[in-house]
Amino acid sequence: MANSSEWINGRHCVVTKSKAVTGVARPTSGDDLEMLPEADRVSGSMTFLTKAPMRFSDGEPAMFIEYQKKRYKIIHADDFNENGFYKAIATYVEVTDDA
């Protein structure tokens with residue numbers, strides 16, 4: 001999920017892009033947290049593993065992940081494509097609407 005700004009019919013609009021992917025979600029391990037700068041080591045972080053890149057078709061990286069009605073901000077991403085998966089560490093931001 002990512003937000004971008006566009007001018008549509010002369011008006012400034014915020015456009016939200018989304019892409020559905022299937023993968024594995026788990027709490028972030030201590031080893032993964034040690035890879036991050038101290039300021040990014042926060043509680044409530046999750047690690048997401050997918051077979052598809054967490055990018056949109058235009059190559060723009062995703063900024064957020066929605067999982068079980070919660071939104072997480074991606075703070076670190078790794079490309080392990082040669083091993084068949086992509087990995088992102090994200091921190092909890094907010095609960096999302098059902099709508």
# chains A, B, ... in the order shown; residues from 1 in each chain; ligands from 1
>>> residues_around(residues="His76 in chain A", least_positions_apart="6", cutoff="10 Å", atoms="only C-alpha atoms", output="VMD selection string")
chain A and resid 32 35 to 36 40 47 87 to 91
>>> write_last_selection(atoms="C-alpha atoms", output="short mmCIF file (atom, residue, chain, number, x, y, z; two decimals), in the first residue's frame")
data_model
loop_
_atom_site.label_atom_id
_atom_site.label_comp_id
_atom_site.auth_asym_id
_atom_site.auth_seq_id
_atom_site.Cartn_x
_atom_site.Cartn_y
_atom_site.Cartn_z
CA ASP A 32 16.18 -9.41 12.80
CA MET A 35 20.07 -5.74 12.09
CA LEU A 36 18.09 -2.50 12.44
CA ASP A 40 13.89 1.45 14.50
CA THR A 47 8.27 -9.79 9.62
CA LYS A 87 11.29 -10.05 3.28
CA ALA A 88 10.00 -6.91 5.00
CA ILE A 89 10.13 -5.82 8.63
CA ALA A 90 7.29 -3.50 9.53
CA THR A 91 6.08 -1.73 12.66
#
>>> closest_residue(among="A:Arg26, A:Tyr86, A:Tyr67, A:Ile74", to="Lys51 in chain A", atoms="only C-alpha atoms")
A:Tyr86
>>> select_by_dssp(residues="chain A", states="strand (DSSP E or B)", output="ChimeraX atom specification")
/A:2-8,11-17,23-27,45-50,55,61,64-67,70-80,85-95
>>> write_last_selection(atoms="N, CA and C atoms", output="compact mmCIF listing (two decimals), in the first residue's frame")
# COMPACT_ATOMS: atom_id res chain seq x y z
N ALA A 2 0.56 2.20 -0.86
CA ALA A 2 1.33 3.44 -0.93
C ALA A 2 0.41 4.58 -1.31
N ASN A 3 0.72 5.75 -0.83
CA ASN A 3 -0.02 6.95 -1.18
C ASN A 3 0.83 7.80 -2.10
N SER A 4 0.18 8.45 -3.05
CA SER A 4 0.87 9.40 -3.92
C SER A 4 -0.06 10.56 -4.18
N SER A 5 0.51 11.69 -4.57
CA SER A 5 -0.29 12.88 -4.88
C SER A 5 -0.36 13.05 -6.38
N GLU A 6 -1.53 13.43 -6.85
CA GLU A 6 -1.72 13.67 -8.28
C GLU A 6 -2.65 14.86 -8.46
N TRP A 7 -2.51 15.52 -9.61
CA TRP A 7 -3.44 16.56 -9.99
C TRP A 7 -4.47 15.93 -10.92
N ILE A 8 -5.74 15.93 -10.49
CA ILE A 8 -6.82 15.36 -11.28
C ILE A 8 -7.85 16.45 -11.52
N ARG A 11 -7.36 19.58 -9.51
CA ARG A 11 -7.42 19.48 -8.05
C ARG A 11 -6.35 18.52 -7.56
N HIS A 12 -5.77 18.86 -6.41
CA HIS A 12 -4.77 17.99 -5.79
C HIS A 12 -5.48 16.85 -5.07
N CYS A 13 -5.12 15.62 -5.39
CA CYS A 13 -5.76 14.45 -4.79
C CYS A 13 -4.68 13.49 -4.29
N VAL A 14 -4.99 12.79 -3.20
CA VAL A 14 -4.13 11.73 -2.70
C VAL A 14 -4.70 10.42 -3.20
N VAL A 15 -3.87 9.65 -3.90
CA VAL A 15 -4.30 8.40 -4.49
C VAL A 15 -3.61 7.26 -3.74
N THR A 16 -4.39 6.28 -3.31
CA THR A 16 -3.84 5.13 -2.60
C THR A 16 -3.76 3.94 -3.55
N LYS A 17 -2.57 3.37 -3.66
CA LYS A 17 -2.37 2.18 -4.47
C LYS A 17 -2.34 0.98 -3.54
N GLY A 23 1.60 -14.52 1.64
CA GLY A 23 2.89 -14.78 2.25
C GLY A 23 2.75 -15.24 3.68
N VAL A 24 3.84 -15.13 4.40
CA VAL A 24 3.92 -15.55 5.80
C VAL A 24 4.17 -14.32 6.66
N ALA A 25 3.47 -14.24 7.80
CA ALA A 25 3.68 -13.16 8.75
C ALA A 25 4.05 -13.78 10.09
N ARG A 26 5.04 -13.17 10.75
CA ARG A 26 5.45 -13.66 12.07
C ARG A 26 6.02 -12.50 12.86
N PRO A 27 6.01 -12.60 14.19
CA PRO A 27 6.64 -11.54 14.98
C PRO A 27 8.13 -11.46 14.62
N SER A 45 6.56 -5.05 16.08
CA SER A 45 6.99 -5.22 14.70
C SER A 45 6.73 -6.65 14.24
N MET A 46 6.50 -6.77 12.95
CA MET A 46 6.24 -8.07 12.32
C MET A 46 7.17 -8.22 11.13
N THR A 47 7.48 -9.47 10.81
CA THR A 47 8.27 -9.79 9.62
C THR A 47 7.34 -10.47 8.62
N PHE A 48 7.39 -9.99 7.38
CA PHE A 48 6.54 -10.52 6.31
C PHE A 48 7.43 -11.12 5.22
N LEU A 49 7.10 -12.35 4.80
CA LEU A 49 7.84 -13.04 3.75
C LEU A 49 6.87 -13.34 2.61
N THR A 50 7.23 -12.97 1.39
CA THR A 50 6.37 -13.22 0.23
C THR A 50 7.20 -13.74 -0.93
N ARG A 55 6.40 -4.51 -4.41
CA ARG A 55 6.45 -3.31 -5.26
C ARG A 55 5.24 -3.33 -6.17
N PRO A 61 8.04 1.18 -4.45
CA PRO A 61 7.95 0.26 -3.31
C PRO A 61 6.72 0.52 -2.45
N PHE A 64 3.29 0.52 3.21
CA PHE A 64 2.52 -0.07 4.29
C PHE A 64 2.07 -1.47 3.92
N ILE A 65 1.82 -2.28 4.95
CA ILE A 65 1.25 -3.61 4.78
C ILE A 65 0.03 -3.68 5.67
N GLU A 66 -1.08 -4.17 5.13
CA GLU A 66 -2.27 -4.41 5.94
C GLU A 66 -2.39 -5.91 6.19
N TYR A 67 -2.48 -6.26 7.47
CA TYR A 67 -2.54 -7.67 7.86
C TYR A 67 -3.46 -7.79 9.06
N LYS A 70 -4.91 -4.63 10.57
CA LYS A 70 -3.94 -3.72 11.16
C LYS A 70 -3.00 -3.24 10.06
N ARG A 71 -2.56 -2.00 10.17
CA ARG A 71 -1.64 -1.42 9.20
C ARG A 71 -0.25 -1.34 9.82
N TYR A 72 0.76 -1.78 9.04
CA TYR A 72 2.15 -1.77 9.46
C TYR A 72 2.96 -0.95 8.46
N LYS A 73 3.87 -0.12 8.95
CA LYS A 73 4.76 0.67 8.09
C LYS A 73 6.06 -0.11 7.89
N ILE A 74 6.44 -0.29 6.63
CA ILE A 74 7.67 -1.02 6.32
C ILE A 74 8.88 -0.15 6.71
N ILE A 75 9.75 -0.72 7.57
CA ILE A 75 10.95 0.01 7.99
C ILE A 75 12.22 -0.60 7.42
N HIS A 76 12.13 -1.82 6.91
CA HIS A 76 13.30 -2.48 6.32
C HIS A 76 12.81 -3.55 5.34
N ALA A 77 13.42 -3.60 4.17
CA ALA A 77 13.04 -4.62 3.17
C ALA A 77 14.30 -5.26 2.60
N ASP A 78 14.24 -6.56 2.37
CA ASP A 78 15.34 -7.31 1.77
C ASP A 78 14.83 -8.06 0.55
N ASP A 79 15.67 -8.13 -0.47
CA ASP A 79 15.35 -8.87 -1.69
C ASP A 79 16.17 -10.17 -1.69
N PHE A 80 15.50 -11.25 -1.33
CA PHE A 80 16.13 -12.57 -1.37
C PHE A 80 15.57 -13.36 -2.55
N PHE A 85 12.24 -15.57 -2.25
CA PHE A 85 11.30 -14.79 -1.43
C PHE A 85 11.81 -13.38 -1.18
N TYR A 86 10.89 -12.54 -0.73
CA TYR A 86 11.17 -11.16 -0.35
C TYR A 86 10.78 -11.01 1.11
N LYS A 87 11.51 -10.18 1.84
CA LYS A 87 11.29 -10.05 3.28
C LYS A 87 11.14 -8.57 3.64
N ALA A 88 10.18 -8.27 4.51
CA ALA A 88 10.00 -6.91 5.00
C ALA A 88 9.76 -6.94 6.50
N ILE A 89 10.39 -6.01 7.20
CA ILE A 89 10.13 -5.82 8.63
C ILE A 89 9.31 -4.54 8.74
N ALA A 90 8.20 -4.64 9.44
CA ALA A 90 7.29 -3.50 9.53
C ALA A 90 6.84 -3.31 10.98
N THR A 91 6.52 -2.06 11.30
CA THR A 91 6.08 -1.73 12.66
C THR A 91 4.60 -1.34 12.66
N TYR A 92 3.91 -1.68 13.73
CA TYR A 92 2.47 -1.43 13.84
C TYR A 92 2.19 0.07 13.83
N VAL A 93 1.16 0.47 13.06
CA VAL A 93 0.77 1.86 12.98
C VAL A 93 -0.63 2.09 13.51
N GLU A 94 -1.63 1.35 12.96
CA GLU A 94 -3.02 1.59 13.34
C GLU A 94 -3.92 0.44 12.93
N VAL A 95 -5.13 0.45 13.47
CA VAL A 95 -6.17 -0.51 13.07
C VAL A 95 -6.87 0.07 11.87
>>> select_by_dssp(residues="chain A", states="alpha helix (DSSP H)", output="PyMOL selection string")
chain A and resi 30-35
>>> write_last_selection(atoms="all heavy atoms", output="short mmCIF file (atom, residue, chain, number, x, y, z; two decimals), in the first residue's frame")
data_model
loop_
_atom_site.label_atom_id
_atom_site.label_comp_id
_atom_site.auth_asym_id
_atom_site.auth_seq_id
_atom_site.Cartn_x
_atom_site.Cartn_y
_atom_site.Cartn_z
N GLY A 30 14.57 -11.54 17.49
CA GLY A 30 15.64 -10.73 18.05
C GLY A 30 16.80 -10.54 17.07
O GLY A 30 17.39 -9.47 17.00
N ASP A 31 17.10 -11.58 16.29
CA ASP A 31 18.18 -11.48 15.30
C ASP A 31 17.85 -10.44 14.24
O ASP A 31 18.72 -9.66 13.82
CB ASP A 31 18.44 -12.83 14.62
CG ASP A 31 19.08 -13.84 15.56
OD1 ASP A 31 19.66 -13.42 16.59
OD2 ASP A 31 18.98 -15.04 15.27
N ASP A 32 16.59 -10.41 13.79
CA ASP A 32 16.18 -9.41 12.80
C ASP A 32 16.22 -8.01 13.39
O ASP A 32 16.62 -7.05 12.73
CB ASP A 32 14.77 -9.71 12.27
CG ASP A 32 14.75 -10.86 11.28
OD1 ASP A 32 15.82 -11.20 10.75
OD2 ASP A 32 13.67 -11.42 11.05
N LEU A 33 15.80 -7.87 14.65
CA LEU A 33 15.81 -6.55 15.28
C LEU A 33 17.24 -6.02 15.43
O LEU A 33 17.47 -4.82 15.32
CB LEU A 33 15.13 -6.61 16.65
CG LEU A 33 13.61 -6.70 16.62
CD1 LEU A 33 13.08 -6.88 18.04
CD2 LEU A 33 12.99 -5.48 15.97
N GLU A 34 18.20 -6.90 15.67
CA GLU A 34 19.58 -6.47 15.82
C GLU A 34 20.16 -5.91 14.53
O GLU A 34 21.11 -5.12 14.57
CB GLU A 34 20.45 -7.63 16.32
CG GLU A 34 20.22 -7.96 17.77
CD GLU A 34 21.09 -9.10 18.27
OE1 GLU A 34 22.06 -9.47 17.57
OE2 GLU A 34 20.79 -9.61 19.35
N MET A 35 19.61 -6.27 13.37
CA MET A 35 20.07 -5.74 12.09
C MET A 35 19.66 -4.28 11.91
O MET A 35 20.26 -3.57 11.12
CB MET A 35 19.50 -6.55 10.93
CG MET A 35 20.01 -7.93 10.82
SD MET A 35 19.49 -8.80 9.32
CE MET A 35 17.88 -8.15 8.96
#
>>> closest_residue(among="A:Thr96, A:Pro53, A:Asn83, A:Lys69", to="Thr22 in chain A", atoms="only C-alpha atoms")
A:Pro53
>>> atom_distance(atom1="CA of Gly84 in chain A", atom2="CA of Ala52 in chain A")
8.7 Å
>>> decode(residues="range 85-98 of chain A", atoms="all heavy atoms", output="JSON list (two decimals), in the first residue's frame")
[["chain", "number", "residue", "atom", "x", "y", "z"],
["A", 85, "PHE", "N", 12.24, -15.57, -2.25],
["A", 85, "PHE", "CA", 11.30, -14.79, -1.43],
["A", 85, "PHE", "C", 11.81, -13.38, -1.18],
["A", 85, "PHE", "O", 12.97, -13.06, -1.42],
["A", 85, "PHE", "CB", 11.02, -15.50, -0.11],
["A", 85, "PHE", "CG", 12.19, -15.55, 0.84],
["A", 85, "PHE", "CD1", 12.33, -14.61, 1.85],
["A", 85, "PHE", "CD2", 13.14, -16.55, 0.74],
["A", 85, "PHE", "CE1", 13.40, -14.65, 2.72],
["A", 85, "PHE", "CE2", 14.21, -16.61, 1.61],
["A", 85, "PHE", "CZ", 14.35, -15.65, 2.60],
["A", 86, "TYR", "N", 10.89, -12.54, -0.73],
["A", 86, "TYR", "CA", 11.17, -11.16, -0.35],
["A", 86, "TYR", "C", 10.78, -11.01, 1.11],
["A", 86, "TYR", "O", 9.83, -11.63, 1.57],
["A", 86, "TYR", "CB", 10.37, -10.19, -1.21],
["A", 86, "TYR", "CG", 10.71, -10.29, -2.67],
["A", 86, "TYR", "CD1", 10.11, -11.23, -3.49],
["A", 86, "TYR", "CD2", 11.66, -9.44, -3.23],
["A", 86, "TYR", "CE1", 10.43, -11.32, -4.83],
["A", 86, "TYR", "CE2", 11.99, -9.53, -4.58],
["A", 86, "TYR", "CZ", 11.37, -10.47, -5.37],
["A", 86, "TYR", "OH", 11.70, -10.57, -6.69],
["A", 87, "LYS", "N", 11.51, -10.18, 1.84],
["A", 87, "LYS", "CA", 11.29, -10.05, 3.28],
["A", 87, "LYS", "C", 11.14, -8.57, 3.64],
["A", 87, "LYS", "O", 11.90, -7.73, 3.15],
["A", 87, "LYS", "CB", 12.49, -10.65, 4.02],
["A", 87, "LYS", "CG", 12.46, -10.50, 5.51],
["A", 87, "LYS", "CD", 13.72, -11.15, 6.08],
["A", 87, "LYS", "CE", 13.86, -10.93, 7.55],
["A", 87, "LYS", "NZ", 15.09, -11.56, 8.06],
["A", 88, "ALA", "N", 10.18, -8.27, 4.51],
["A", 88, "ALA", "CA", 10.00, -6.91, 5.00],
["A", 88, "ALA", "C", 9.76, -6.94, 6.50],
["A", 88, "ALA", "O", 9.05, -7.81, 7.00],
["A", 88, "ALA", "CB", 8.83, -6.24, 4.31],
["A", 89, "ILE", "N", 10.39, -6.01, 7.20],
["A", 89, "ILE", "CA", 10.13, -5.82, 8.63],
["A", 89, "ILE", "C", 9.31, -4.54, 8.74],
["A", 89, "ILE", "O", 9.67, -3.51, 8.17],
["A", 89, "ILE", "CB", 11.44, -5.71, 9.42],
["A", 89, "ILE", "CG1", 12.25, -7.00, 9.28],
["A", 89, "ILE", "CG2", 11.15, -5.41, 10.89],
["A", 89, "ILE", "CD1", 13.63, -6.94, 9.88],
["A", 90, "ALA", "N", 8.20, -4.64, 9.44],
["A", 90, "ALA", "CA", 7.29, -3.50, 9.53],
["A", 90, "ALA", "C", 6.84, -3.31, 10.98],
["A", 90, "ALA", "O", 6.78, -4.26, 11.76],
["A", 90, "ALA", "CB", 6.07, -3.74, 8.63],
["A", 91, "THR", "N", 6.52, -2.06, 11.30],
["A", 91, "THR", "CA", 6.08, -1.73, 12.66],
["A", 91, "THR", "C", 4.60, -1.34, 12.66],
["A", 91, "THR", "O", 4.12, -0.73, 11.70],
["A", 91, "THR", "CB", 6.96, -0.63, 13.27],
["A", 91, "THR", "OG1", 6.56, -0.40, 14.60],
["A", 91, "THR", "CG2", 6.86, 0.67, 12.50],
["A", 92, "TYR", "N", 3.91, -1.68, 13.73],
["A", 92, "TYR", "CA", 2.47, -1.43, 13.84],
["A", 92, "TYR", "C", 2.19, 0.07, 13.83],
["A", 92, "TYR", "O", 2.85, 0.83, 14.51],
["A", 92, "TYR", "CB", 1.95, -2.07, 15.13],
["A", 92, "TYR", "CG", 0.52, -1.73, 15.45],
["A", 92, "TYR", "CD1", -0.51, -2.32, 14.76],
["A", 92, "TYR", "CD2", 0.22, -0.79, 16.42],
["A", 92, "TYR", "CE1", -1.82, -2.00, 15.04],
["A", 92, "TYR", "CE2", -1.08, -0.46, 16.70],
["A", 92, "TYR", "CZ", -2.10, -1.07, 16.01],
["A", 92, "TYR", "OH", -3.40, -0.74, 16.29],
["A", 93, "VAL", "N", 1.16, 0.47, 13.06],
["A", 93, "VAL", "CA", 0.77, 1.86, 12.98],
["A", 93, "VAL", "C", -0.63, 2.09, 13.51],
["A", 93, "VAL", "O", -0.85, 2.90, 14.40],
["A", 93, "VAL", "CB", 0.87, 2.39, 11.52],
["A", 93, "VAL", "CG1", 0.41, 3.82, 11.43],
["A", 93, "VAL", "CG2", 2.28, 2.24, 11.00],
["A", 94, "GLU", "N", -1.63, 1.35, 12.96],
["A", 94, "GLU", "CA", -3.02, 1.59, 13.34],
["A", 94, "GLU", "C", -3.92, 0.44, 12.93],
["A", 94, "GLU", "O", -3.55, -0.40, 12.13],
["A", 94, "GLU", "CB", -3.53, 2.88, 12.70],
["A", 94, "GLU", "CG", -3.59, 2.80, 11.18],
["A", 94, "GLU", "CD", -3.93, 4.12, 10.51],
["A", 94, "GLU", "OE1", -4.28, 5.08, 11.23],
["A", 94, "GLU", "OE2", -3.84, 4.18, 9.29],
["A", 95, "VAL", "N", -5.13, 0.45, 13.47],
["A", 95, "VAL", "CA", -6.17, -0.51, 13.07],
["A", 95, "VAL", "C", -6.87, 0.07, 11.87],
["A", 95, "VAL", "O", -7.13, 1.27, 11.80],
["A", 95, "VAL", "CB", -7.17, -0.75, 14.22],
["A", 95, "VAL", "CG1", -8.32, -1.61, 13.77],
["A", 95, "VAL", "CG2", -6.47, -1.36, 15.41],
["A", 96, "THR", "N", -7.18, -0.74, 10.86],
["A", 96, "THR", "CA", -7.84, -0.28, 9.65],
["A", 96, "THR", "C", -9.35, -0.50, 9.74],
["A", 96, "THR", "O", -9.82, -1.30, 10.54],
["A", 96, "THR", "CB", -7.30, -1.01, 8.41],
["A", 96, "THR", "OG1", -7.52, -2.41, 8.57],
["A", 96, "THR", "CG2", -5.82, -0.75, 8.22],
["A", 97, "ASP", "N", -10.08, 0.23, 8.90],
["A", 97, "ASP", "CA", -11.54, 0.10, 8.85],
["A", 97, "ASP", "C", -11.95, -1.19, 8.15],
["A", 97, "ASP", "O", -11.19, -1.74, 7.36],
["A", 97, "ASP", "CB", -12.15, 1.27, 8.08],
["A", 97, "ASP", "CG", -12.02, 2.57, 8.85],
["A", 97, "ASP", "OD1", -11.90, 2.53, 10.09],
["A", 97, "ASP", "OD2", -12.03, 3.63, 8.19],
["A", 98, "ASP", "N", -13.16, -1.63, 8.43],
["A", 98, "ASP", "CA", -13.71, -2.81, 7.73],
["A", 98, "ASP", "C", -14.17, -2.47, 6.33],
["A", 98, "ASP", "O", -14.36, -3.35, 5.51],
["A", 98, "ASP", "CB", -14.88, -3.40, 8.52],
["A", 98, "ASP", "CG", -14.41, -4.03, 9.81],
["A", 98, "ASP", "OD1", -13.26, -4.45, 9.91],
["A", 98, "ASP", "OD2", -15.25, -4.13, 10.72]]
